[in-house]
file work-v9.cif (mmCIF, C-alpha atoms)
data_entry
#
loop_
_atom_site.label_atom_id
_atom_site.label_comp_id
_atom_site.auth_asym_id
_atom_site.auth_seq_id
_atom_site.Cartn_x
_atom_site.Cartn_y
_atom_site.Cartn_z
CA MET A 1 67.46 22.88 6.30
CA LEU A 2 64.24 23.68 8.12
CA SER A 3 63.57 21.74 11.31
CA GLY A 4 59.80 22.22 11.39
CA VAL A 5 56.87 23.71 9.47
CA ILE A 6 53.73 25.11 11.08
CA PHE A 7 50.71 26.14 9.03
CA ASP A 8 47.68 28.32 9.47
CA LEU A 9 44.57 26.65 8.02
CA ASP A 10 41.89 28.89 6.44
CA GLY A 11 43.24 30.63 3.35
CA THR A 12 46.62 28.92 3.75
CA LEU A 13 46.08 25.19 3.44
CA ALA A 14 42.77 25.47 1.60
CA ASP A 15 40.27 27.98 0.24
CA THR A 16 37.87 27.70 3.18
CA LEU A 17 37.24 31.34 4.11
CA ASP A 18 33.94 31.59 2.20
CA LEU A 19 32.73 28.45 3.94
CA CYS A 20 33.45 30.02 7.33
CA VAL A 21 31.60 33.21 6.43
CA GLU A 22 28.53 31.43 5.13
CA ALA A 23 28.35 29.03 8.07
CA PHE A 24 28.54 31.98 10.48
CA GLN A 25 25.82 33.81 8.55
CA VAL A 26 23.51 30.80 8.78
CA ALA A 27 24.19 30.17 12.47
CA ILE A 28 23.73 33.80 13.47
CA ALA A 29 20.59 34.25 11.36
CA GLU A 30 19.01 31.09 12.70
CA HIS A 31 19.60 32.02 16.32
CA THR A 32 19.13 35.80 16.25
CA GLY A 33 17.27 36.64 13.03
CA ASP A 34 20.12 38.92 11.99
CA ARG A 35 21.64 38.42 8.53
CA LEU A 36 25.20 39.75 8.72
CA THR A 37 27.17 40.78 5.65
CA PRO A 38 30.46 39.00 4.96
CA SER A 39 32.42 42.04 6.16
CA GLU A 40 30.39 42.13 9.38
CA VAL A 41 31.17 38.45 9.96
CA VAL A 42 34.89 38.89 9.30
CA ALA A 43 34.99 41.82 11.72
CA LEU A 44 34.06 39.39 14.51
CA TRP A 45 36.98 37.04 13.83
CA GLY A 46 39.85 36.57 16.24
CA PRO A 47 38.38 34.12 18.73
CA THR A 48 37.30 30.61 17.75
CA GLU A 49 33.79 30.10 16.40
CA GLU A 50 32.68 29.61 20.00
CA GLY A 51 33.95 33.08 20.87
CA VAL A 52 32.49 34.66 17.73
CA LEU A 53 29.07 33.16 18.35
CA ARG A 54 29.11 33.91 22.07
CA SER A 55 29.57 37.56 21.10
CA ALA A 56 27.10 37.59 18.20
CA VAL A 57 24.31 35.44 19.62
CA GLY A 58 24.47 35.92 23.37
CA ALA A 59 22.30 33.58 25.44
CA GLY A 60 22.03 30.19 23.81
CA TRP A 61 25.24 30.62 21.84
CA GLU A 62 26.22 27.00 22.54
CA ASP A 63 23.36 25.79 20.32
CA SER A 64 24.46 28.17 17.57
CA VAL A 65 27.90 26.52 17.59
CA GLU A 66 26.26 23.21 16.69
CA THR A 67 24.40 24.94 13.86
CA PHE A 68 27.65 26.46 12.63
CA LEU A 69 29.50 23.14 12.66
CA ALA A 70 26.71 21.29 10.85
CA GLU A 71 26.55 23.98 8.17
CA TYR A 72 30.34 24.12 7.86
CA GLN A 73 30.47 20.36 7.38
CA ARG A 74 27.71 20.53 4.76
CA LEU A 75 29.38 23.35 2.82
CA HIS A 76 32.84 21.78 2.88
CA VAL A 77 31.95 19.43 0.02
CA ALA A 78 32.67 22.43 -2.23
CA VAL A 79 36.30 22.49 -1.04
CA PRO A 80 37.50 18.86 -1.03
CA GLU A 81 41.20 19.51 -1.63
CA PRO A 82 44.00 21.79 -0.40
CA PHE A 83 45.46 24.55 -2.56
CA PRO A 84 47.59 23.27 -5.47
CA GLY A 85 50.95 21.92 -4.37
CA ILE A 86 50.11 21.77 -0.66
CA ARG A 87 49.45 18.04 -0.54
CA ASP A 88 52.71 17.34 -2.39
CA ALA A 89 54.63 19.56 0.04
CA LEU A 90 53.08 17.81 3.05
CA ASP A 91 53.83 14.38 1.61
CA HIS A 92 57.43 15.49 1.08
CA LEU A 93 57.79 16.73 4.65
CA ARG A 94 56.65 13.36 5.91
CA SER A 95 59.01 11.51 3.58
CA VAL A 96 62.07 13.44 4.82
CA GLY A 97 61.04 13.42 8.47
CA VAL A 98 60.43 17.15 8.90
CA PRO A 99 57.56 17.62 11.37
CA ALA A 100 54.47 19.56 10.33
CA ALA A 101 51.75 21.08 12.50
CA VAL A 102 48.74 23.37 12.32
CA VAL A 103 48.21 26.43 14.49
CA THR A 104 44.86 28.00 13.63
CA GLY A 105 42.45 30.50 15.08
CA LYS A 106 39.61 28.04 14.41
CA GLY A 107 38.09 25.91 17.10
CA PRO A 108 39.25 22.28 17.38
CA ARG A 109 36.07 20.79 15.93
CA SER A 110 35.94 22.92 12.78
CA ALA A 111 39.68 22.42 12.28
CA ARG A 112 39.16 18.66 12.44
CA ILE A 113 36.32 18.87 9.92
CA SER A 114 38.55 20.70 7.44
CA LEU A 115 41.59 18.46 7.86
CA ASP A 116 39.44 15.33 7.51
CA VAL A 117 37.56 16.57 4.43
CA LEU A 118 40.81 17.72 2.82
CA GLY A 119 42.34 14.30 3.50
CA ILE A 120 45.43 15.68 5.23
CA ALA A 121 44.71 15.13 8.92
CA ASP A 122 47.27 12.33 9.19
CA LEU A 123 50.06 14.54 7.84
CA PHE A 124 50.25 16.74 10.94
CA GLY A 125 51.83 15.66 14.18
CA ALA A 126 49.98 18.33 16.13
CA VAL A 127 47.00 20.63 15.67
CA GLU A 128 46.59 23.63 17.97
CA ALA A 129 43.28 25.48 17.82
CA GLY A 130 42.52 29.04 18.87
CA SER A 131 40.92 30.42 22.01
CA ILE A 132 37.35 31.42 22.74
CA ASN A 133 38.76 34.64 24.19
CA GLY A 134 40.88 35.77 21.23
CA ALA A 135 44.07 35.26 19.28
CA VAL A 136 46.77 33.08 20.87
CA LYS A 137 48.85 31.99 17.89
CA ALA A 138 52.27 32.94 19.25
CA GLU A 139 51.58 30.97 22.41
CA LYS A 140 50.43 27.95 20.41
CA ILE A 141 53.43 28.15 18.05
CA THR A 142 55.71 28.17 21.08
CA ARG A 143 53.93 25.12 22.46
CA ILE A 144 54.65 23.24 19.22
CA LEU A 145 58.32 24.28 19.28
CA GLU A 146 58.69 23.00 22.82
CA MET A 147 57.00 19.73 21.95
CA TRP A 148 59.32 19.23 18.98
CA ASN A 149 62.36 20.57 20.86
CA VAL A 150 63.46 22.54 17.79
CA SER A 151 64.87 26.02 17.33
CA PRO A 152 62.37 28.73 16.33
CA GLN A 153 65.06 30.19 14.04
CA THR A 154 64.85 27.10 11.83
CA THR A 155 61.06 26.73 11.94
CA ILE A 156 58.57 28.51 9.72
CA TYR A 157 55.03 29.61 10.34
CA VAL A 158 52.97 29.97 7.16
CA GLY A 159 49.88 32.19 7.21
CA ASP A 160 47.73 34.39 5.00
CA HIS A 161 46.90 37.24 7.38
CA PRO A 162 49.11 40.20 8.44
CA HIS A 163 48.59 39.10 12.05
CA ASP A 164 50.25 35.77 11.21
CA ALA A 165 53.62 37.36 10.50
CA THR A 166 53.40 39.30 13.75
CA GLU A 167 52.60 36.17 15.74
CA ALA A 168 55.32 34.17 13.97
CA HIS A 169 57.93 36.78 14.87
CA LYS A 170 56.62 37.01 18.43
CA ALA A 171 57.33 33.28 18.74
CA GLY A 172 60.76 33.75 17.14
CA THR A 173 59.99 31.77 14.00
CA ILE A 174 60.46 32.58 10.31
CA ALA A 175 57.29 34.23 8.97
CA VAL A 176 56.17 33.01 5.55
CA ALA A 177 53.33 34.89 3.88
CA ALA A 178 50.75 32.78 2.08
CA ALA A 179 49.24 35.30 -0.32
CA TRP A 180 47.69 32.84 -2.76
CA SER A 181 44.05 33.08 -1.64
CA SER A 182 41.84 35.49 -3.56
CA HIS A 183 40.75 36.85 -0.17
CA THR A 184 44.24 37.83 0.96
CA ASP A 185 44.94 41.53 1.45
CA VAL A 186 48.27 41.35 -0.36
CA ASP A 187 49.41 44.88 0.48
CA ALA A 188 48.63 44.44 4.17
CA VAL A 189 50.45 41.12 4.24
CA ARG A 190 53.52 42.68 2.63
CA ARG A 191 53.46 45.53 5.15
CA SER A 192 53.40 43.02 8.02
CA GLY A 193 57.04 42.21 7.30
CA PRO A 194 57.15 38.51 6.46
CA ASP A 195 60.55 36.94 5.91
CA GLU A 196 59.32 35.15 2.80
CA PHE A 197 56.39 36.04 0.54
CA PHE A 198 54.57 33.82 -1.95
CA ASP A 199 51.54 34.62 -4.07
CA SER A 200 51.44 31.11 -5.56
CA SER A 201 50.91 27.94 -3.54
CA LEU A 202 52.80 26.00 -6.20
CA ASP A 203 55.80 28.32 -5.89
CA PHE A 204 55.66 27.98 -2.12
CA ALA A 205 55.50 24.19 -2.35
CA SER A 206 58.54 24.14 -4.64
CA TRP A 207 60.46 26.41 -2.26
CA LEU A 208 59.50 24.36 0.78
CA ILE A 209 60.53 21.10 -0.86
CA GLY A 210 63.88 22.65 -1.73
CA MET A 211 64.36 23.96 1.81
CA THR A 212 63.70 20.55 3.34
CA SER A 213 65.47 18.26 0.90
CA PRO A 214 68.67 16.52 2.07
#

call {"tool": "encode", "arguments": {"input": "work-v9.cif", "output": "structure tokens"}}
result
Amino acid sequence: MLSGVIFDLDGTLADTLDLCVEAFQVAIAEHTGDRLTPSEVVALWGPTEEGVLRSAVGAGWEDSVETFLAEYQRLHVAVPEPFPGIRDALDHLRSVGVPAAVVTGKGPRSARISLDVLGIADLFGAVEAGSINGAVKAEKITRILEMWNVSPQTTIYVGDHPHDATEAHKAGTIAVAAAWSSHTDVDAVRRSGPDEFFDSSLDFASWLIGMTSP
């Protein structure tokens, strides 16, 4: 029986990665005149959007964050729901009293936009965003564990990036690979050494429900 479930957001809970890329492209182009390719945008990821735009835009980056958030909100209408099975799994966790949280590399404002648009904000007891200075997922996972007062050995962290398995293990939790997004580098995720691997969100949801059912 799992004692807690912590999720990444983009590419794990919902298919939002393209939205992130396009919103960054718009914000950077509007404030610098540079039109980055998707791969150039992704290469900047690690910090929150504030950190990405501080690096890409330089002076005046704070205004570019507002542009990013407005564009991200506008684009999100194209992704109104989580991946198949995710909502059912979250509803189940609530019904059996297993706590759920989000630890994401996104900033707090864009994370809130996604959770609100997806209609799942109320299903998480805690949401930990990233850092303007770079990745801090292990630290944030540990913060959730301490808040819940649960064992990391009976808690899972679910993420779609190879780095997620590394951070999950650094925090002592069970690493579950979410390889159901079309953007996931499946081979890299497998090489990262997750404890569980799923290439279907429906299969993951079924497994999770089984692992948390009395």

call {"tool": "closest_residue", "arguments": {"input": "work-v9.cif", "among": "A:Leu93, A:Val65, A:Ile141, A:Ala23", "to": "A:Val158", "atoms": "only C-alpha atoms"}}
result
A:Ile141

call {"tool": "residues_around", "arguments": {"input": "work-v9.cif", "residues": "stretch 40-42 of chain A", "least_positions_apart": "6", "cutoff": "8 Å", "atoms": "only C-alpha atoms", "output": "ChimeraX atom specification"}}
result
/A:21,24-25

call {"tool": "atom_distance", "arguments": {"input": "work-v9.cif", "atom1": "atom CA of A:Thr48", "atom2": "atom CA of A:Asp185"}}
result
21.1 Å

call {"tool": "resolve_selection", "arguments": {"input": "work-v9.cif", "expression": "the PyMOL selection byres ((chain A and resi 84) around 7)", "output": "ChimeraX atom specification"}}
result
/A:82-83,85-86,201-202

call {"tool": "write_last_selection", "arguments": {"input": "work-v9.cif", "atoms": "C-alpha atoms", "output": "PDB file, in the coordinates of the input"}}
result
ATOM      1  CA  PRO A  82      44.000  21.790  -0.400  1.00  0.00           C
ATOM      2  CA  PHE A  83      45.460  24.550  -2.560  1.00  0.00           C
ATOM      3  CA  GLY A  85      50.950  21.920  -4.370  1.00  0.00           C
ATOM      4  CA  ILE A  86      50.110  21.770  -0.660  1.00  0.00           C
ATOM      5  CA  SER A 201      50.910  27.940  -3.540  1.00  0.00           C
ATOM      6  CA  LEU A 202      52.800  26.000  -6.200  1.00  0.00           C
TER       7      LEU A 202
END

call {"tool": "resolve_selection", "arguments": {"input": "work-v9.cif", "expression": "the PyMOL selection byres ((chain A and resi 167-177) around 7)", "output": "list in words"}}
result
Lys137, Ala138, Ile141, Thr142, Pro152, Gln153, Thr155, Ile156, Tyr157, Val158, Gly159, Asp160, His163, Asp164, Ala165, Thr166, Ala178, Ala179, Val189, Pro194, Asp195, Glu196, Phe197 and Phe198 of chain A

call {"tool": "write_last_selection", "arguments": {"input": "work-v9.cif", "atoms": "C-alpha atoms", "output": "JSON list (two decimals), in the frame of the given file"}}
result
[["chain", "number", "residue", "atom", "x", "y", "z"],
["A", 137, "LYS", "CA", 48.85, 31.99, 17.89],
["A", 138, "ALA", "CA", 52.27, 32.94, 19.25],
["A", 141, "ILE", "CA", 53.43, 28.15, 18.05],
["A", 142, "THR", "CA", 55.71, 28.17, 21.08],
["A", 152, "PRO", "CA", 62.37, 28.73, 16.33],
["A", 153, "GLN", "CA", 65.06, 30.19, 14.04],
["A", 155, "THR", "CA", 61.06, 26.73, 11.94],
["A", 156, "ILE", "CA", 58.57, 28.51, 9.72],
["A", 157, "TYR", "CA", 55.03, 29.61, 10.34],
["A", 158, "VAL", "CA", 52.97, 29.97, 7.16],
["A", 159, "GLY", "CA", 49.88, 32.19, 7.21],
["A", 160, "ASP", "CA", 47.73, 34.39, 5.00],
["A", 163, "HIS", "CA", 48.59, 39.10, 12.05],
["A", 164, "ASP", "CA", 50.25, 35.77, 11.21],
["A", 165, "ALA", "CA", 53.62, 37.36, 10.50],
["A", 166, "THR", "CA", 53.40, 39.30, 13.75],
["A", 178, "ALA", "CA", 50.75, 32.78, 2.08],
["A", 179, "ALA", "CA", 49.24, 35.30, -0.32],
["A", 189, "VAL", "CA", 50.45, 41.12, 4.24],
["A", 194, "PRO", "CA", 57.15, 38.51, 6.46],
["A", 195, "ASP", "CA", 60.55, 36.94, 5.91],
["A", 196, "GLU", "CA", 59.32, 35.15, 2.80],
["A", 197, "PHE", "CA", 56.39, 36.04, 0.54],
["A", 198, "PHE", "CA", 54.57, 33.82, -1.95]]

call {"tool": "residues_around", "arguments": {"input": "work-v9.cif", "residues": "A:Ala89", "least_positions_apart": "6", "cutoff": "8 Å", "atoms": "only C-alpha atoms", "output": "list in words"}}
result
Ala205, Ser206, Leu208 and Ile209 of chain A

call {"tool": "write_last_selection", "arguments": {"input": "work-v9.cif", "atoms": "C-alpha atoms", "output": "PDB file, keeping the file's coordinate frame"}}
result
ATOM      1  CA  ALA A 205      55.500  24.190  -2.350  1.00  0.00           C
ATOM      2  CA  SER A 206      58.540  24.140  -4.640  1.00  0.00           C
ATOM      3  CA  LEU A 208      59.500  24.360   0.780  1.00  0.00           C
ATOM      4  CA  ILE A 209      60.530  21.100  -0.860  1.00  0.00           C
TER       5      ILE A 209
END

call {"tool": "decode", "arguments": {"input": "work-v9.cif", "residues": "stretch 63-75 of chain A", "atoms": "all heavy atoms", "output": "short mmCIF file (atom, residue, chain, number, x, y, z; two decimals), in the first residue's frame"}}
result
data_model
loop_
_atom_site.label_atom_id
_atom_site.label_comp_id
_atom_site.auth_asym_id
_atom_site.auth_seq_id
_atom_site.Cartn_x
_atom_site.Cartn_y
_atom_site.Cartn_z
N ASP A 63 8.98 41.59 -17.49
CA ASP A 63 7.84 41.84 -18.38
C ASP A 63 7.59 40.65 -19.31
O ASP A 63 6.45 40.34 -19.65
CB ASP A 63 8.08 43.09 -19.23
CG ASP A 63 8.06 44.38 -18.40
OD1 ASP A 63 7.45 44.35 -17.31
OD2 ASP A 63 8.63 45.37 -18.85
N SER A 64 8.66 39.98 -19.71
CA SER A 64 8.50 38.82 -20.60
C SER A 64 7.80 37.67 -19.89
O SER A 64 7.13 36.86 -20.53
CB SER A 64 9.85 38.37 -21.16
OG SER A 64 10.66 37.73 -20.18
N VAL A 65 7.96 37.58 -18.56
CA VAL A 65 7.24 36.55 -17.80
C VAL A 65 5.74 36.77 -17.91
O VAL A 65 4.97 35.81 -18.08
CB VAL A 65 7.69 36.55 -16.33
CG1 VAL A 65 6.80 35.61 -15.50
CG2 VAL A 65 9.15 36.13 -16.21
N GLU A 66 5.31 38.02 -17.83
CA GLU A 66 3.88 38.32 -17.95
C GLU A 66 3.37 37.95 -19.34
O GLU A 66 2.26 37.43 -19.49
CB GLU A 66 3.62 39.79 -17.65
CG GLU A 66 4.04 40.23 -16.25
CD GLU A 66 3.44 39.37 -15.16
OE1 GLU A 66 2.24 39.04 -15.23
OE2 GLU A 66 4.19 39.00 -14.22
N THR A 67 4.19 38.21 -20.36
CA THR A 67 3.82 37.80 -21.72
C THR A 67 3.69 36.30 -21.81
O THR A 67 2.73 35.77 -22.39
CB THR A 67 4.87 38.30 -22.73
OG1 THR A 67 5.01 39.71 -22.63
CG2 THR A 67 4.48 37.92 -24.16
N PHE A 68 4.67 35.60 -21.25
CA PHE A 68 4.63 34.13 -21.25
C PHE A 68 3.35 33.61 -20.60
O PHE A 68 2.66 32.74 -21.15
CB PHE A 68 5.85 33.56 -20.53
CG PHE A 68 5.76 32.09 -20.26
CD1 PHE A 68 6.20 31.18 -21.21
CD2 PHE A 68 5.22 31.60 -19.07
CE1 PHE A 68 6.09 29.80 -20.98
CE2 PHE A 68 5.12 30.23 -18.84
CZ PHE A 68 5.56 29.34 -19.79
N LEU A 69 3.04 34.11 -19.42
CA LEU A 69 1.88 33.61 -18.68
C LEU A 69 0.57 33.88 -19.42
O LEU A 69 -0.33 33.03 -19.45
CB LEU A 69 1.85 34.21 -17.28
CG LEU A 69 2.97 33.75 -16.34
CD1 LEU A 69 3.01 34.62 -15.10
CD2 LEU A 69 2.80 32.28 -15.96
N ALA A 70 0.45 35.06 -20.01
CA ALA A 70 -0.76 35.38 -20.76
C ALA A 70 -0.91 34.46 -21.97
O ALA A 70 -2.01 33.98 -22.27
CB ALA A 70 -0.72 36.84 -21.21
N GLU A 71 0.20 34.20 -22.66
CA GLU A 71 0.15 33.32 -23.82
C GLU A 71 -0.11 31.88 -23.39
O GLU A 71 -0.88 31.16 -24.05
CB GLU A 71 1.47 33.41 -24.60
CG GLU A 71 1.49 32.67 -25.92
CD GLU A 71 0.55 33.27 -26.95
OE1 GLU A 71 0.03 34.39 -26.75
OE2 GLU A 71 0.35 32.62 -28.00
N TYR A 72 0.49 31.46 -22.31
CA TYR A 72 0.28 30.10 -21.81
C TYR A 72 -1.18 29.89 -21.44
O TYR A 72 -1.79 28.86 -21.78
CB TYR A 72 1.18 29.86 -20.60
CG TYR A 72 1.19 28.44 -20.09
CD1 TYR A 72 1.74 27.41 -20.85
CD2 TYR A 72 0.66 28.12 -18.85
CE1 TYR A 72 1.76 26.11 -20.39
CE2 TYR A 72 0.66 26.82 -18.37
CZ TYR A 72 1.22 25.81 -19.15
OH TYR A 72 1.22 24.52 -18.68
N GLN A 73 -1.76 30.88 -20.78
CA GLN A 73 -3.19 30.80 -20.42
C GLN A 73 -4.05 30.72 -21.69
O GLN A 73 -4.99 29.92 -21.77
CB GLN A 73 -3.58 32.03 -19.61
CG GLN A 73 -5.06 32.11 -19.26
CD GLN A 73 -5.41 31.32 -18.02
OE1 GLN A 73 -4.91 31.60 -16.94
NE2 GLN A 73 -6.29 30.36 -18.17
N ARG A 74 -3.72 31.53 -22.68
CA ARG A 74 -4.51 31.55 -23.91
C ARG A 74 -4.42 30.22 -24.65
O ARG A 74 -5.43 29.70 -25.13
CB ARG A 74 -3.99 32.68 -24.82
CG ARG A 74 -4.81 32.87 -26.09
CD ARG A 74 -4.16 33.87 -27.03
NE ARG A 74 -2.97 33.33 -27.66
CZ ARG A 74 -3.00 32.51 -28.72
NH1 ARG A 74 -4.16 32.12 -29.25
NH2 ARG A 74 -1.88 32.07 -29.26
N LEU A 75 -3.24 29.65 -24.70
CA LEU A 75 -3.03 28.40 -25.43
C LEU A 75 -3.65 27.19 -24.74
O LEU A 75 -3.98 26.19 -25.38
CB LEU A 75 -1.53 28.15 -25.62
CG LEU A 75 -0.78 29.08 -26.55
CD1 LEU A 75 0.73 28.88 -26.40
CD2 LEU A 75 -1.20 28.85 -28.00
#
